[in-house]
Every structure is written in structure tokens, then in C-alpha cells.
$ cat model16.txt   # compact mmCIF, C-alpha atoms and all ligand atoms
# COMPACT_ATOMS: atom_id res chain seq x y z
CA MET M 1 -27.23 18.13 76.48
CA ARG M 2 -28.72 17.70 73.02
CA THR M 3 -26.73 17.24 69.85
CA LEU M 4 -28.41 18.92 66.89
CA VAL M 5 -27.54 18.38 63.24
CA PRO M 6 -28.93 19.70 59.94
CA VAL M 7 -31.65 17.58 58.40
CA TYR M 8 -29.28 16.29 55.69
CA TYR M 9 -26.62 15.10 58.15
CA PRO M 10 -27.66 11.39 58.30
CA SER M 11 -27.21 11.11 54.50
CA PHE M 12 -23.43 11.62 54.69
CA ARG M 13 -20.95 8.77 54.25
CA CYS M 14 -17.25 9.23 53.46
CA ILE M 15 -16.67 7.95 49.92
CA ALA M 16 -13.03 7.00 50.77
CA SER M 17 -11.31 5.55 47.69
CA ALA M 18 -13.77 7.33 45.34
CA CYS M 19 -12.82 10.75 46.76
CA ARG M 20 -10.93 13.02 44.31
CA HIS M 21 -9.81 15.50 46.98
CA THR M 22 -8.97 13.32 49.93
CA CYS M 23 -8.67 15.00 53.31
CA CYS M 24 -5.71 12.66 54.03
CA ALA M 25 -3.27 14.93 52.17
CA GLY M 26 -2.13 18.52 52.31
CA TRP M 27 -2.09 19.07 56.08
CA GLU M 28 -0.41 17.39 59.02
CA ILE M 29 -2.80 15.18 60.93
CA GLY M 30 -3.08 15.89 64.66
CA VAL M 31 -2.86 12.78 66.84
CA ASP M 32 -4.82 13.06 70.11
CA GLU M 33 -3.27 11.72 73.31
CA PHE M 34 -5.58 8.71 73.58
CA SER M 35 -4.78 7.60 70.02
CA ARG M 36 -1.07 8.20 70.52
CA GLU M 37 -1.02 5.89 73.54
CA ARG M 38 -2.98 3.26 71.64
CA TYR M 39 -0.53 3.48 68.71
CA LEU M 40 2.46 3.16 71.07
CA GLU M 41 0.95 0.07 72.72
CA TYR M 42 -0.05 -1.56 69.43
CA SER M 43 2.03 -4.59 68.43
CA GLY M 44 0.75 -5.40 64.91
CA PRO M 45 2.32 -4.89 61.46
CA LEU M 46 2.12 -1.05 61.51
CA ARG M 47 3.89 -0.72 64.84
CA GLY M 48 7.20 0.55 63.44
CA GLU M 49 5.63 2.99 61.00
CA LEU M 50 3.22 4.44 63.55
CA LYS M 51 6.17 5.33 65.78
CA GLU M 52 8.28 6.53 62.88
CA TRP M 53 5.72 8.97 61.46
CA MET M 54 4.44 10.51 64.71
CA ARG M 55 6.29 13.62 65.80
CA ASP M 56 6.01 16.37 68.39
CA ASP M 57 4.20 19.38 66.86
CA GLY M 58 6.20 21.82 69.00
CA GLU M 59 3.06 23.00 70.81
CA GLY M 60 2.58 20.14 73.24
CA GLY M 61 0.74 17.88 70.78
CA TRP M 62 1.53 15.19 68.24
CA VAL M 63 1.03 14.88 64.50
CA PHE M 64 1.64 12.41 61.72
CA ARG M 65 4.29 13.85 59.42
CA LEU M 66 3.34 13.87 55.76
CA ARG M 67 5.25 12.12 53.01
CA GLU M 68 7.19 14.26 50.54
CA ASP M 69 4.24 14.22 48.17
CA GLY M 70 2.06 15.75 50.91
CA ARG M 71 0.00 12.62 51.58
CA CYS M 72 -0.59 10.88 54.90
CA PRO M 73 1.90 7.99 55.18
CA PHE M 74 -0.98 5.60 55.89
CA LEU M 75 -3.00 6.55 52.80
CA ARG M 76 -2.72 3.87 50.10
CA GLU M 77 -2.56 4.73 46.40
CA ASP M 78 -6.13 3.42 46.03
CA GLY M 79 -7.33 5.95 48.63
CA LEU M 80 -7.88 3.45 51.44
CA CYS M 81 -6.45 3.96 54.94
CA ARG M 82 -3.98 1.35 56.20
CA ILE M 83 -4.83 2.13 59.84
CA ILE M 84 -8.47 1.20 59.20
CA LEU M 85 -7.51 -1.87 57.19
CA GLU M 86 -5.05 -3.18 59.80
CA MET M 87 -6.57 -1.97 63.07
CA GLY M 88 -10.22 -1.23 62.33
CA GLU M 89 -12.18 2.02 61.97
CA GLY M 90 -12.18 2.52 65.75
CA ALA M 91 -8.40 2.99 65.68
CA LEU M 92 -8.56 6.29 63.76
CA CYS M 93 -7.35 9.31 65.70
CA ASP M 94 -10.11 11.77 66.66
CA ILE M 95 -9.44 14.25 63.86
CA CYS M 96 -9.70 11.58 61.13
CA ALA M 97 -12.78 9.98 62.68
CA ASP M 98 -14.45 13.38 63.03
CA HIS M 99 -13.67 15.03 59.70
CA PRO M 100 -15.52 16.72 57.99
CA ARG M 101 -17.75 17.50 60.95
CA TRP M 102 -17.72 20.88 62.68
CA ARG M 103 -19.13 21.58 66.12
CA ASN M 104 -20.39 24.64 68.00
CA PHE M 105 -21.18 24.47 71.72
CA PHE M 106 -23.86 26.29 73.71
CA SER M 107 -25.11 25.86 77.28
CA ASP M 108 -27.99 23.60 76.31
CA ARG M 109 -26.78 22.02 73.06
CA GLU M 110 -24.02 21.03 70.74
CA GLU M 111 -24.58 21.87 67.08
CA MET M 112 -22.77 19.74 64.53
CA GLY M 113 -22.62 19.93 60.75
CA LEU M 114 -20.69 18.81 57.69
CA GLY M 115 -17.86 21.01 56.37
CA LEU M 116 -18.03 21.94 52.70
CA THR M 117 -14.29 21.32 52.34
CA CYS M 118 -15.18 17.64 51.90
CA GLU M 119 -16.43 16.98 48.37
CA GLU M 120 -19.04 14.46 49.48
CA ALA M 121 -20.29 16.74 52.25
CA ALA M 122 -20.56 19.60 49.71
CA ARG M 123 -22.61 17.35 47.45
CA VAL M 124 -24.93 16.33 50.31
CA VAL M 125 -25.37 19.89 51.63
CA LEU M 126 -25.97 21.60 48.28
CA ASN M 127 -28.25 18.88 46.86
CA GLU M 128 -30.62 19.03 49.83
CA LYS M 129 -34.07 20.28 48.83
CA ARG M 130 -35.59 20.67 52.31
CA LYS M 131 -34.88 23.71 54.47
CA ALA M 132 -31.77 22.81 56.47
CA VAL M 133 -33.43 22.95 59.88
CA MET M 134 -31.69 21.31 62.83
CA ILE M 135 -32.90 17.94 64.11
CA THR M 136 -31.96 16.11 67.31
CA LEU M 137 -29.31 13.43 66.88
CA SER M 138 -29.01 12.59 70.58
CA ASP M 139 -30.22 13.88 73.94
CA ASP M 140 -28.89 12.83 77.35
CA GLY M 141 -31.77 14.62 79.11
CA GLU M 142 -29.48 17.02 80.97
CA GLU M 143 -29.93 20.66 80.08
CA GLU M 144 -28.40 23.89 81.24
CA PRO M 145 -30.36 27.12 80.71
CA LEU M 146 -29.17 29.50 78.01
CA SER M 147 -27.37 32.65 79.10
CA GLY M 148 -28.83 36.04 78.21
CA ASP M 149 -26.20 36.50 75.50
CA GLU M 150 -27.07 33.13 74.01
CA GLU M 151 -30.78 33.95 73.98
CA ALA M 152 -30.06 37.22 72.17
CA PHE M 153 -27.78 35.36 69.76
CA PHE M 154 -30.42 32.76 68.88
CA ALA M 155 -33.05 35.48 68.35
CA PHE M 156 -30.63 37.25 65.96
CA ARG M 157 -29.78 34.03 64.12
CA ASP M 158 -33.46 33.03 63.82
CA ARG M 159 -34.16 36.38 62.12
CA ALA M 160 -31.29 35.81 59.68
CA LEU M 161 -32.41 32.24 58.94
CA GLY M 162 -36.02 33.38 58.51
CA ILE M 163 -34.88 35.72 55.73
CA LEU M 164 -32.65 33.10 54.09
CA TRP M 165 -35.48 30.55 54.09
CA ASP M 166 -38.02 32.90 52.48
CA ARG M 167 -38.33 31.06 49.16
CA GLU M 168 -40.98 33.51 47.94
CA ILE M 169 -38.21 35.88 46.90
CA PRO M 170 -34.97 35.34 44.92
CA LEU M 171 -31.88 34.43 46.91
CA ALA M 172 -30.08 37.61 45.82
CA ARG M 173 -32.88 39.68 47.39
CA ARG M 174 -32.72 37.65 50.59
CA LEU M 175 -29.02 38.48 50.90
CA GLU M 176 -29.79 42.17 50.34
CA LYS M 177 -32.50 42.00 53.01
CA LEU M 178 -29.97 40.78 55.56
CA GLU M 179 -28.07 44.00 54.89
CA GLU M 180 -31.13 46.26 54.70
CA GLU M 181 -32.43 44.96 58.03
CA GLY M 182 -29.06 45.58 59.69
CA LEU M 183 -28.24 41.92 60.33
CA ALA M 184 -25.20 41.91 58.02
CA LEU M 185 -22.75 44.71 57.38
CA ARG M 186 -22.61 45.68 53.70
CA THR M 187 -19.81 44.13 51.67
CA GLY M 188 -20.62 45.46 48.19
CA GLU M 189 -20.01 43.69 44.90
CA VAL M 190 -17.90 40.57 44.76
CA SER M 191 -15.59 42.06 42.12
CA ARG M 192 -14.45 44.64 44.72
CA TRP M 193 -13.03 41.77 46.76
CA ARG M 194 -10.96 40.17 44.04
CA GLU M 195 -7.62 41.82 44.88
CA ARG M 196 -8.09 41.27 48.59
CA LEU M 197 -8.94 37.61 48.16
CA LEU M 198 -5.99 37.14 45.82
CA SER M 199 -3.70 38.49 48.56
CA LEU M 200 -4.74 35.76 51.02
CA GLU M 201 -2.87 32.50 51.59
CA ARG M 202 -3.99 29.80 49.16
CA LEU M 203 -3.69 26.06 48.70
CA ASP M 204 -4.36 25.67 44.99
CA GLU M 205 -3.27 27.95 42.13
CA ASN M 206 -6.55 27.12 40.35
CA TRP M 207 -8.21 29.19 43.05
CA ALA M 208 -6.34 32.31 41.94
CA ALA M 209 -7.36 31.69 38.32
CA ALA M 210 -11.00 31.27 39.40
CA LEU M 211 -10.94 34.52 41.39
CA GLU M 212 -9.52 36.40 38.40
CA LYS M 213 -12.65 35.46 36.46
CA THR M 214 -15.26 36.45 39.05
CA GLU M 215 -17.43 39.29 37.83
CA SER M 216 -20.15 41.38 39.34
CA PRO M 217 -23.63 40.00 38.69
CA GLY M 218 -25.31 41.02 35.44
CA GLU M 219 -28.64 42.74 34.99
CA ASN M 220 -30.63 39.59 35.87
CA ALA M 221 -28.78 39.22 39.14
CA GLY M 222 -31.86 39.82 41.26
CA GLU M 223 -34.00 37.14 39.61
CA ALA M 224 -34.49 33.68 40.99
CA GLY M 225 -32.31 31.10 39.29
CA GLU M 226 -31.78 27.36 39.29
CA LYS M 227 -28.83 27.83 41.67
CA ASP M 228 -30.97 29.58 44.31
CA LEU M 229 -31.61 26.35 46.20
CA PRO M 230 -27.95 25.23 46.56
CA LEU M 231 -26.97 28.83 47.29
CA GLU M 232 -29.59 28.97 50.05
CA GLN M 233 -28.10 25.79 51.52
CA ALA M 234 -24.62 27.33 51.36
CA ALA M 235 -25.76 30.61 52.96
CA VAL M 236 -27.51 28.77 55.81
CA TYR M 237 -24.42 26.60 56.27
CA PHE M 238 -22.15 29.68 56.52
CA VAL M 239 -24.49 31.26 59.08
CA MET M 240 -24.75 28.08 61.16
CA ARG M 241 -21.03 27.40 61.09
CA HIS M 242 -19.55 30.88 61.55
CA LEU M 243 -22.04 33.05 63.44
CA SER M 244 -21.74 31.49 66.88
CA ALA M 245 -18.11 32.62 67.33
CA ALA M 246 -19.68 36.08 67.75
CA LEU M 247 -20.54 35.00 71.31
CA GLU M 248 -16.77 35.21 71.91
CA ASP M 249 -15.70 38.10 69.66
CA GLY M 250 -18.90 40.14 69.39
CA LEU M 251 -18.63 40.31 65.57
CA VAL M 252 -22.14 39.10 64.84
CA ARG M 253 -22.96 41.51 61.96
CA GLU M 254 -19.47 41.03 60.51
CA ARG M 255 -19.90 37.26 60.61
CA CYS M 256 -23.32 37.52 58.98
CA ALA M 257 -21.67 39.70 56.31
CA LEU M 258 -19.04 36.99 55.84
CA ALA M 259 -21.87 34.51 55.12
CA VAL M 260 -23.38 36.93 52.58
CA LEU M 261 -20.02 37.61 50.92
CA LEU M 262 -19.11 33.91 50.64
CA THR M 263 -22.54 33.11 49.20
CA ARG M 264 -22.21 35.87 46.58
CA LEU M 265 -18.71 34.67 45.78
CA LEU M 266 -19.97 31.12 45.32
CA ARG M 267 -22.71 32.43 43.04
CA ALA M 268 -20.15 34.28 40.92
CA LEU M 269 -17.86 31.23 40.72
CA ALA M 270 -20.68 28.83 39.92
CA ARG M 271 -21.80 30.54 36.71
CA ASP M 272 -19.96 27.69 35.04
CA GLY M 273 -19.34 24.20 36.32
CA ASP M 274 -20.42 22.18 39.31
CA ILE M 275 -21.50 24.35 42.23
CA ALA M 276 -20.62 21.64 44.78
CA GLU M 277 -17.04 21.55 43.46
CA TRP M 278 -16.81 25.37 43.67
CA ALA M 279 -18.16 25.21 47.23
CA ARG M 280 -15.51 22.63 48.14
CA MET M 281 -12.76 24.85 46.78
CA LEU M 282 -14.09 28.04 48.37
CA SER M 283 -14.44 26.28 51.70
CA SER M 284 -10.92 24.81 51.58
CA GLU M 285 -9.36 28.11 50.53
CA ILE M 286 -11.24 30.47 52.82
CA GLU M 287 -13.41 29.15 55.58
CA TYR M 288 -11.05 26.35 56.66
CA SER M 289 -8.14 28.79 56.90
CA ASP M 290 -7.33 30.11 60.38
CA GLU M 291 -5.78 33.17 58.73
CA ASN M 292 -8.21 34.02 55.93
CA VAL M 293 -11.46 34.22 57.89
CA PRO M 294 -10.06 36.72 60.45
CA ALA M 295 -8.54 38.77 57.60
CA ILE M 296 -11.91 39.03 55.83
CA LEU M 297 -13.71 39.92 59.07
CA GLU M 298 -11.15 42.66 59.63
CA TRP M 299 -11.72 44.09 56.12
CA ILE M 300 -15.49 44.01 56.64
CA ARG M 301 -15.11 45.93 59.88
CA ALA M 302 -12.64 48.41 58.41
CA ASP M 303 -15.00 49.09 55.47
CA GLU M 304 -17.85 49.77 57.89
CA GLU M 305 -15.74 52.19 59.92
CA ALA M 306 -14.62 53.94 56.73
CA GLY M 307 -18.24 54.13 55.46
CA ALA M 308 -17.16 52.33 52.27
CA HIS M 309 -20.65 51.07 51.28
S1 LIG M 401 -12.73 14.56 51.93
FE1 LIG M 401 -14.67 13.65 52.68
S2 LIG M 401 -15.22 12.02 51.24
FE2 LIG M 401 -13.03 12.57 50.89
S3 LIG M 401 -11.84 11.11 52.15
FE3 LIG M 401 -12.17 12.96 53.41
S4 LIG M 401 -14.12 12.60 54.58
FE4 LIG M 401 -14.01 11.07 52.89
$ encode --input "model16.txt" --output "C-alpha cells" --more "lines below"
Ligand code: SF4
Amino acid sequence: MRTLVPVYYPSFRCIASACRHTCCAGWEIGVDEFSRERYLEYSGPLRGELKEWMRDDGEGGWVFRLREDGRCPFLREDGLCRIILEMGEGALCDICADHPRWRNFFSDREEMGLGLTCEEAARVVLNEKRKAVMITLSDDGEEEPLSGDEEAFFAFRDRALGILWDREIPLARRLEKLEEEGLALRTGEVSRWRERLLSLERLDENWAAALEKTESPGENAGEAGEKDLPLEQAAVYFVMRHLSAALEDGLVRERCALAVLLTRLLRALARDGDIAEWARMLSSEIEYSDENVPAILEWIRADEEAGAH
């Protein structure tokens, strides 16, 4: 089995105390069984607190409860982790050690990338100048053949990536080509989506204010711009991260449309300000939500059935 990562992956390092949007706050932190046992056996200074803050999640697993202010109880005010400081980096539970990585599994490979919800990952992904091709991180020499469905999937995805990497034409045209060539269902102008997106669950009220200001592209929308390169990186990221679930649900053109829609939304948001910060917010609000992605896929499908575009 090979593990493949985008070419920018080795550049990523968590910036810990320098992070303005730490991932150690805002959601309960799942504790895997191996880590739980290690925490229960541990006899150092954090012993009492580790036991005190772990609780049953009601679904057969364990989590660290959050403090009243929504932060992990082991996160210090300076942004450093007390578990790392007291017990070493190897003592982190899987979810903390792994974040912000995402993984997709196929018969012959694991694909891994960096989630845009992490501000440093967003900076690394969107600042990359090279095409975000996959490189081999490790290979144990054992390979299973691809299934027929997987072969068809990779052929589809290669076509989509080929269009997104065509730097001879503006990014806006590349997104249109995905629709014209039938790889992505049509989603129309971003402004059409404002009310729908505002109806979704959200983490940060600033997100609602940002959505209120999104407008349809102006008359120069089809021309290449300085944001084409980071937008290409974002579009490729959305395709790589979200398309493979189509092997389970069959929604390959809907998922490609999701990548197009999110890229157009990011373009509309990033007219002002730092595009990496907008990508972080968009990712946290939409693509890291177990509810919001299915809701958008459902709207895309319903629009197609209604012939809305
Ligand atoms: S969000 Fe990213 S940079 Fe910030 S603490 Fe988490 S992994 Fe580190």
C-alpha cells in the first residue's frame, strides 16, 4: 500500500502557540481506546485531570469535555498543550496527532492531505505555486489491484484535474469547462446560494456577515486574475478531498459541482482580504460540517432534477 500526499504536504508544521484559530477549541476531542488506556495507566502530574475530563460520548467512545469557554482543558493560555509538555508529543490521542490531515482509502493506496480548516494548512496549500500533484510518502510494496469502479473513478478525476490544471486559460473558464464537459452539475451564480448557505448550521457569526456580502462576479469575471493560482489550489483540494466519497454514494458529478461551487464562493469572498483566511473560514463552516456538505449535495441534485440551470 502506498501513501500519497500533495506535493506541498512536507512543508506543513503546526504553528501551535502562534495559531490564531486553534483546533483545540470549539469541538469535543475524541479519545481513541489506545490513548484512553494510556491516560488511565499514567501516573504523572496530569493523572487526576486526565480522568476528570474524559467522558463517555454516549456512542461507545470517549471524549475530552471542553471547558466552559469552549477550549480543551489541556490547552494553556499561551496556546501550548499540557499533554505534550508533560508526557511528550507521542502521548497525543490520534485525533490531535492527526489533525489537520484527511485521508481517503483505495485498494492500492491511501491518499492524505491537509485540511483547509487549519490556518497554517490553508496558508501552505494556497501559497503553493507548483501543480498539486500527488507524491509518494511511503510504500510498503504490497499492492491490491484497483476495482473496475475505482479505475473509472480515477479516469473521471484525472479528466477533472486536467481541466483545473490548464493554466493557459483563466480559472473561471476552467470551472465552466467542468460543467460544459458534464463532469460537474451546474450550480449557477454564487449569489443564488446566499439564502441557502445562510440557513445552514454555522460556527461563527462573521460567516453570516461575509455571506451577506457575496456578489455575483462582475464583467471581468472570466479574466485571469492574481487569485487564479490560490483558487486553482483550492479547487484541486476540494476535488481530491471530496470526490472519492462518490465511490460509496455515486454522487460524482454532484461532488465535482460542490468543488466548483466552493471555489466560486471562495473567489467571491476573497475580493477583499486574505484568501487563506477566507479558505479557513469556508472550510470550517462548510466542508468540515457533517451536516452542511450533505445538505449542499442534496440541493445540487434537486436543482438538476428540477432543471434549474
Ligand atoms: S489549527 Fe493547525 S496550526 Fe493551529 S493548532 Fe491546530 S494544527 Fe496547529
$ atom_distance --input "model16.txt" --atom1 "CA of Leu66 (chain M)" --atom2 "CA of Gly79 (chain M)"
15.1 Å
$ axis_aligned_box --input "model16.txt" --around "ligand LIG 401 (chain M)" --padding-each-side "4 Å" --output "AutoDock Vina command-line options"
--center_x -13.5 --center_y 12.8 --center_z 52.7 --size_x 11.4 --size_y 11.5 --size_z 11.7
$ closest_atom_pairs --input "model16.txt" --of "chain M" --to "ligand LIG 401 (chain M)" --cutoff "10 Å" --atoms "only C-alpha atoms and all ligand atoms" --output "tab-separated table"
residue	atom	partner	partner_atom	distance
M:Phe12	CA	M:LIG401	S2	8.9
M:Arg13	CA	M:LIG401	S2	7.2
M:Cys14	CA	M:LIG401	FE4	3.8
M:Ile15	CA	M:LIG401	S2	4.5
M:Ala16	CA	M:LIG401	S3	4.5
M:Ser17	CA	M:LIG401	S3	7.1
M:Ala18	CA	M:LIG401	FE2	7.7
M:Cys19	CA	M:LIG401	FE2	4.5
M:Arg20	CA	M:LIG401	FE2	6.9
M:His21	CA	M:LIG401	S1	5.8
M:Thr22	CA	M:LIG401	FE2	4.2
M:Cys23	CA	M:LIG401	FE3	4.1
M:Cys24	CA	M:LIG401	FE3	6.5
M:Ala25	CA	M:LIG401	FE3	9.2
M:Leu75	CA	M:LIG401	S3	10.0
M:Gly79	CA	M:LIG401	S3	7.7
M:Leu80	CA	M:LIG401	S3	8.7
M:Cys81	CA	M:LIG401	S3	9.4
M:Cys96	CA	M:LIG401	S4	8.0
M:Ala97	CA	M:LIG401	S4	8.6
M:Asp98	CA	M:LIG401	S4	8.5
M:His99	CA	M:LIG401	S4	5.7
M:Pro100	CA	M:LIG401	S4	5.5
M:Arg101	CA	M:LIG401	S4	8.8
M:Leu114	CA	M:LIG401	FE1	9.4
M:Gly115	CA	M:LIG401	FE1	8.8
M:Leu116	CA	M:LIG401	FE1	8.9
M:Thr117	CA	M:LIG401	S1	6.9
M:Cys118	CA	M:LIG401	S1	3.9
M:Glu119	CA	M:LIG401	S1	5.7
M:Glu120	CA	M:LIG401	S2	4.9
M:Ala121	CA	M:LIG401	FE1	6.4
M:Ala122	CA	M:LIG401	FE1	8.9
M:Arg123	CA	M:LIG401	S2	9.9
M:Arg280	CA	M:LIG401	S1	9.3
$ write_last_selection --input "model16.txt" --atoms "C-alpha atoms" --output "short mmCIF file (atom, residue, chain, number, x, y, z; two decimals), in the frame of the given file"
data_model
loop_
_atom_site.label_atom_id
_atom_site.label_comp_id
_atom_site.auth_asym_id
_atom_site.auth_seq_id
_atom_site.Cartn_x
_atom_site.Cartn_y
_atom_site.Cartn_z
CA PHE M 12 -23.43 11.62 54.69
CA ARG M 13 -20.95 8.77 54.25
CA CYS M 14 -17.25 9.23 53.46
CA ILE M 15 -16.67 7.95 49.92
CA ALA M 16 -13.03 7.00 50.77
CA SER M 17 -11.31 5.55 47.69
CA ALA M 18 -13.77 7.33 45.34
CA CYS M 19 -12.82 10.75 46.76
CA ARG M 20 -10.93 13.02 44.31
CA HIS M 21 -9.81 15.50 46.98
CA THR M 22 -8.97 13.32 49.93
CA CYS M 23 -8.67 15.00 53.31
CA CYS M 24 -5.71 12.66 54.03
CA ALA M 25 -3.27 14.93 52.17
CA LEU M 75 -3.00 6.55 52.80
CA GLY M 79 -7.33 5.95 48.63
CA LEU M 80 -7.88 3.45 51.44
CA CYS M 81 -6.45 3.96 54.94
CA CYS M 96 -9.70 11.58 61.13
CA ALA M 97 -12.78 9.98 62.68
CA ASP M 98 -14.45 13.38 63.03
CA HIS M 99 -13.67 15.03 59.70
CA PRO M 100 -15.52 16.72 57.99
CA ARG M 101 -17.75 17.50 60.95
CA LEU M 114 -20.69 18.81 57.69
CA GLY M 115 -17.86 21.01 56.37
CA LEU M 116 -18.03 21.94 52.70
CA THR M 117 -14.29 21.32 52.34
CA CYS M 118 -15.18 17.64 51.90
CA GLU M 119 -16.43 16.98 48.37
CA GLU M 120 -19.04 14.46 49.48
CA ALA M 121 -20.29 16.74 52.25
CA ALA M 122 -20.56 19.60 49.71
CA ARG M 123 -22.61 17.35 47.45
CA ARG M 280 -15.51 22.63 48.14
#
$ closest_residue --input "model16.txt" --among "M:Ala209, M:Ile300, M:Met1, M:Ala160" --to "Ala235 (chain M)" --atoms "all atoms listed in the file"
M:Ala160
$ closest_residue --input "model16.txt" --among "M:Ala245, M:Cys256, M:Met87, M:Val125" --to "Arg157 (chain M)" --atoms "all atoms listed in the file"
M:Cys256
